[in-house]
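All remarks here apply to the structure that follows.
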Amino acid sequence: MTYTYVLTDDPAPFVRRVTLNRPEKRNALNATLRGEILAALREADADPDVRVTIVRGNGPSFCAGYDLMASGEGYGVDSTEGSFQRSVVDGWISIWDLRKPVIAQIHGHCLAGGSELATGCDLVYTADDAKIGYPAVRFGTPDMQYHAWLVGMRKGMEMMLTGDTISGVEAAQFGFATGSFPADVLEEKVLEKAQRVANIPADVLQINKRTVHRAMDRMGFRDAVRAGTELSALAVHTEGFKAFIESAHGQGLTQALTARDGAFGDGRVLTHDGT
């Protein structure tokens with residue numbers, strides 16, 4: 001299959017690698033990129049010569065979030081309330097339902113929709129200095145509310161109430177990531193982990209992956225993140241959300257994001273993305 005914003009390669013036996021390739025936008029997710037990520041993962045899942053797939057980003061960041069300047073066309077969105085939210089959550093959760101394991105390799109920024117993509121993966125390895133979080137809570141509500149599950153109630157609550165990010169080291173400490181490494185050895189270390197996974201026969205891997213996800217299902221993870229789509233849709237009707245959108249349309253997205261983050265005094269990605 002030919003892709004516009006995704007590159008694929010096979011860096012080791014039984015290992016497929018899917019690279020988000022929209023570096024000038026820090027791999028911000030438009031409908032095409034999101035669809036191509038899922039298509040490339042499904043293609044790898046159906047390939048008998050692949051046992052594990054790595055997802056990574058080209059350029060300075062893994063993924064800076066949803067492209068707020070892109071239209072919703074192509075997302076599978078209709079006029080039903082919450083259609084966009086359900087569409088993106090269904091997409092990332094579908095990674096759980098693939099037969100073979102998927103590894104997220106995170107560097108730079110992993111924000112908003114990028115953190116949702118990582119949530120759908122089976123293993124997550126991150127650079128120590130990566131920035132992971134959902135700054136968009138400063139004007140709205142996430143589509144996929146993973147925070148309490150992956151970093152615990154207290155830290156998850158703090159991230160949801162402030163929009164502050166965590167480092168790759170913290171992500172591993174709190175449970176969002178499987179592990180973290182210095183940025184200059186991240187790719188090498190992730191490939192080593194993928195090769196260890198690929199040493200297991202594919203049929204055994206598929207069963208073992210399901211055992212963990214079925215346990216998470218019994219504990220309510222899937223129902224919880226799906227239920228969050230209703231709250232995300234509700235947030236679109238709040239005065240705070242409407243004021244931000246009006247500001248973005250009136251003075252431009254960069255200025256609106258600068259104003260959003262000004263009181264927090266933290267850094268962000270100055271691109272048209274979901275930061």
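Lettering and numbering for the structure tokens are positional, with chains as A, B, ... in the shown order, residues counted from 1 in each chain, and ligands counted from 1 in the shown order.
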What are the DSSP helix (DSSP H, G or I) residues of stretch 97-274 of chain A, as an MDAnalysis selection string?
chainID A and resid 113:120 135:138 147:151 153:162 168:174 183:198 202:218 221:235 239:251 253:262
Compile the contact shell of stretch 151-153 of chain A as a list of chain:residue names: residues with an atom at most 12 Å away, counting only C-alpha atoms, same-chain residues fewer than 6 positions apart removed.
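The residues satisfying every condition are A:Thr119, A:Ile132, A:Gly133, A:Gln145, A:Met159, A:Met160, A:Leu161, A:Thr165, A:Ile166, A:Glu170, A:Ala171, A:Ala172, A:Gln173, A:Phe174, A:Gly175, A:Phe176, A:Ala177, A:Thr178.
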Please produce, as a Markdown table, a per-residue contact table for stretch 120-216 of chain A versus stretch 33-51 of chain A (criterion: any atom at most 8 Å away, only C-alpha atoms considered), showing the nearest atom pair and its distance in Å to one decimal, sorted by chain then residue number.
```
| residue | atom | partner | partner_atom | distance |
| --- | --- | --- | --- | --- |
| A:Val197 | CA | A:Arg51 | CA | 7.9 |
| A:Ala198 | CA | A:Arg51 | CA | 5.6 |
| A:Pro201 | CA | A:Arg51 | CA | 7.8 |
| A:Ala202 | CA | A:Arg51 | CA | 5.5 |
| A:Leu205 | CA | A:Arg51 | CA | 7.9 |
```
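Minimum atom-to-atom distances from A:Ala136, A:Leu7, A:Phe221, A:Leu111 to A:Ile245 were compared using only C-alpha atoms, and the lowest value belongs to A:Ala136.
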Can you list, as a PyMOL selection string, every residue of stretch 8-209 of chain A that DSSP puts in strand (DSSP E)?
chain A and resi 8-12+15-20+52-57+102-106+109-111+123-127+131-133+166-167+179-181
Keeping only N, CA, C and O atoms, write the selected residues to a file as a compact mmCIF listing (two decimals), in the first residue's frame.
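Written file, out.txt:
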```
# COMPACT_ATOMS: atom_id res chain seq x y z
N THR A 8 7.24 2.82 6.09
CA THR A 8 7.36 1.50 6.71
C THR A 8 8.69 0.87 6.32
O THR A 8 9.19 1.09 5.20
N ASP A 9 9.28 0.12 7.24
CA ASP A 9 10.47 -0.64 6.93
C ASP A 9 10.54 -1.84 7.87
O ASP A 9 9.75 -1.95 8.82
N ASP A 10 11.46 -2.76 7.58
CA ASP A 10 11.64 -3.97 8.38
C ASP A 10 13.08 -3.98 8.89
O ASP A 10 13.98 -4.50 8.22
N PRO A 11 13.34 -3.38 10.07
CA PRO A 11 14.71 -3.20 10.54
C PRO A 11 15.38 -4.46 11.09
O PRO A 11 16.59 -4.46 11.33
N ALA A 12 14.61 -5.50 11.31
CA ALA A 12 15.14 -6.76 11.84
C ALA A 12 14.18 -7.88 11.48
O ALA A 12 13.02 -7.61 11.12
N VAL A 15 10.29 -7.98 12.45
CA VAL A 15 9.97 -6.67 13.04
C VAL A 15 9.59 -5.69 11.94
O VAL A 15 10.37 -5.45 11.02
N ARG A 16 8.40 -5.12 12.01
CA ARG A 16 7.96 -4.05 11.11
C ARG A 16 8.05 -2.73 11.88
O ARG A 16 7.78 -2.67 13.09
N ARG A 17 8.39 -1.66 11.17
CA ARG A 17 8.43 -0.35 11.80
C ARG A 17 7.57 0.61 10.99
O ARG A 17 7.69 0.70 9.76
N VAL A 18 6.67 1.33 11.66
CA VAL A 18 5.77 2.31 11.05
C VAL A 18 6.18 3.68 11.56
O VAL A 18 6.17 3.92 12.77
N THR A 19 6.57 4.58 10.66
CA THR A 19 7.06 5.90 11.04
C THR A 19 6.10 6.98 10.60
O THR A 19 5.80 7.10 9.40
N LEU A 20 5.60 7.77 11.56
CA LEU A 20 4.77 8.93 11.24
C LEU A 20 5.68 9.94 10.54
O LEU A 20 6.73 10.32 11.09
N VAL A 52 5.99 -8.41 15.44
CA VAL A 52 5.83 -7.24 16.30
C VAL A 52 6.06 -5.99 15.46
O VAL A 52 6.86 -6.00 14.51
N THR A 53 5.35 -4.89 15.79
CA THR A 53 5.45 -3.65 15.04
C THR A 53 5.83 -2.50 15.97
O THR A 53 5.30 -2.40 17.08
N ILE A 54 6.74 -1.65 15.51
CA ILE A 54 7.13 -0.44 16.23
C ILE A 54 6.48 0.76 15.57
O ILE A 54 6.47 0.87 14.33
N VAL A 55 5.92 1.68 16.37
CA VAL A 55 5.40 2.94 15.86
C VAL A 55 6.28 4.06 16.40
O VAL A 55 6.49 4.16 17.61
N ARG A 56 6.81 4.90 15.52
CA ARG A 56 7.67 6.00 15.94
C ARG A 56 7.34 7.23 15.09
O ARG A 56 6.53 7.17 14.17
N GLY A 57 7.98 8.37 15.40
CA GLY A 57 7.75 9.59 14.65
C GLY A 57 9.03 10.12 14.04
O GLY A 57 10.09 10.05 14.66
N VAL A 102 2.19 -4.27 19.43
CA VAL A 102 2.61 -3.00 18.86
C VAL A 102 3.36 -2.22 19.93
O VAL A 102 2.89 -2.10 21.07
N ILE A 103 4.52 -1.70 19.57
CA ILE A 103 5.37 -0.94 20.50
C ILE A 103 5.39 0.52 20.07
O ILE A 103 5.66 0.83 18.91
N ALA A 104 5.15 1.44 21.01
CA ALA A 104 5.30 2.87 20.74
C ALA A 104 6.70 3.30 21.16
O ALA A 104 7.15 3.00 22.27
N GLN A 105 7.39 4.02 20.27
CA GLN A 105 8.72 4.57 20.53
C GLN A 105 8.58 6.09 20.57
O GLN A 105 8.41 6.74 19.54
N ILE A 106 8.64 6.69 21.75
CA ILE A 106 8.29 8.09 21.94
C ILE A 106 9.53 8.95 22.18
O ILE A 106 10.36 8.64 23.04
N HIS A 109 7.81 15.51 21.80
CA HIS A 109 6.47 15.71 22.34
C HIS A 109 5.55 14.54 21.99
O HIS A 109 5.54 14.06 20.86
N CYS A 110 4.81 14.10 22.97
CA CYS A 110 3.76 13.10 22.79
C CYS A 110 2.54 13.66 23.51
O CYS A 110 2.34 13.44 24.70
N LEU A 111 1.72 14.40 22.77
CA LEU A 111 0.68 15.20 23.38
C LEU A 111 -0.70 14.86 22.81
O LEU A 111 -0.81 14.44 21.65
N LEU A 123 3.25 -1.99 24.29
CA LEU A 123 4.44 -1.59 25.04
C LEU A 123 4.78 -0.16 24.64
O LEU A 123 4.58 0.23 23.49
N VAL A 124 5.30 0.61 25.59
CA VAL A 124 5.65 2.01 25.32
C VAL A 124 7.03 2.29 25.90
O VAL A 124 7.24 2.15 27.11
N TYR A 125 7.96 2.68 25.04
CA TYR A 125 9.30 3.07 25.48
C TYR A 125 9.52 4.52 25.05
O TYR A 125 9.19 4.91 23.93
N THR A 126 10.08 5.31 25.95
CA THR A 126 10.17 6.73 25.72
C THR A 126 11.56 7.27 26.02
O THR A 126 12.29 6.70 26.84
N ALA A 127 11.93 8.35 25.35
CA ALA A 127 13.16 9.06 25.70
C ALA A 127 12.99 9.69 27.07
O ALA A 127 11.90 10.13 27.44
N LYS A 131 8.21 14.77 26.44
CA LYS A 131 7.15 15.49 27.15
C LYS A 131 5.83 14.86 26.77
O LYS A 131 5.44 14.88 25.60
N ILE A 132 5.15 14.32 27.76
CA ILE A 132 3.95 13.52 27.52
C ILE A 132 2.79 14.11 28.31
O ILE A 132 2.93 14.40 29.51
N GLY A 133 1.65 14.30 27.67
CA GLY A 133 0.51 14.82 28.40
C GLY A 133 -0.61 15.28 27.48
O GLY A 133 -0.64 14.97 26.29
N ILE A 166 4.41 15.31 31.70
CA ILE A 166 5.40 14.57 32.48
C ILE A 166 6.54 14.17 31.55
O ILE A 166 6.37 14.08 30.34
N SER A 167 7.71 13.95 32.13
CA SER A 167 8.87 13.54 31.34
C SER A 167 8.79 12.06 31.03
O SER A 167 7.97 11.32 31.61
N GLY A 179 9.17 1.74 29.87
CA GLY A 179 10.51 2.10 30.28
C GLY A 179 10.95 3.35 29.55
O GLY A 179 10.33 3.78 28.58
N SER A 180 12.06 3.95 30.02
CA SER A 180 12.62 5.12 29.35
C SER A 180 14.13 4.95 29.20
O SER A 180 14.76 4.25 30.00
N PHE A 181 14.67 5.63 28.18
CA PHE A 181 16.09 5.54 27.88
C PHE A 181 16.59 6.92 27.47
O PHE A 181 15.80 7.76 27.02
```
Counting only C-alpha atoms, which of A:Gln85, A:Ser94, A:Ser232, A:Asn30 gets nearest to A:Leu68?
A:Asn30
Find, counting only C-alpha atoms, the residue in A:Cys63, A:Asp97, A:Phe84, A:Ala28 that gets nearest to A:Asp217.
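Selected residue with least distance to A:Asp217: A:Asp97.
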Pick from A:Gly163, A:Pro182, A:Gly252, A:Pro142, whichever lies nearest to A:Ala233 using only C-alpha atoms
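Smallest distance to A:Ala233 is found for A:Pro142.
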Within 10 Å of A:Phe139 using only C-alpha atoms, minus same-chain residues under 3 positions, as a list in words
Pro135, Ala136, Pro142, Gly163, Ala235, Val236, Thr238, Glu239, Gly240, Phe241, Lys242, Ala243, Phe244, Ile245, Leu257 and Arg260 of chain A
What does the distance between atom CA of A:Arg138 and atom CA of A:Asp266 come to in Å, to one decimal place?
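Atom CA of A:Asp266 lies 12.6 Å from atom CA of A:Arg138.
Note that atom CA of A:Met144 and atom CA of A:Glu116 are 6.4 Å apart.
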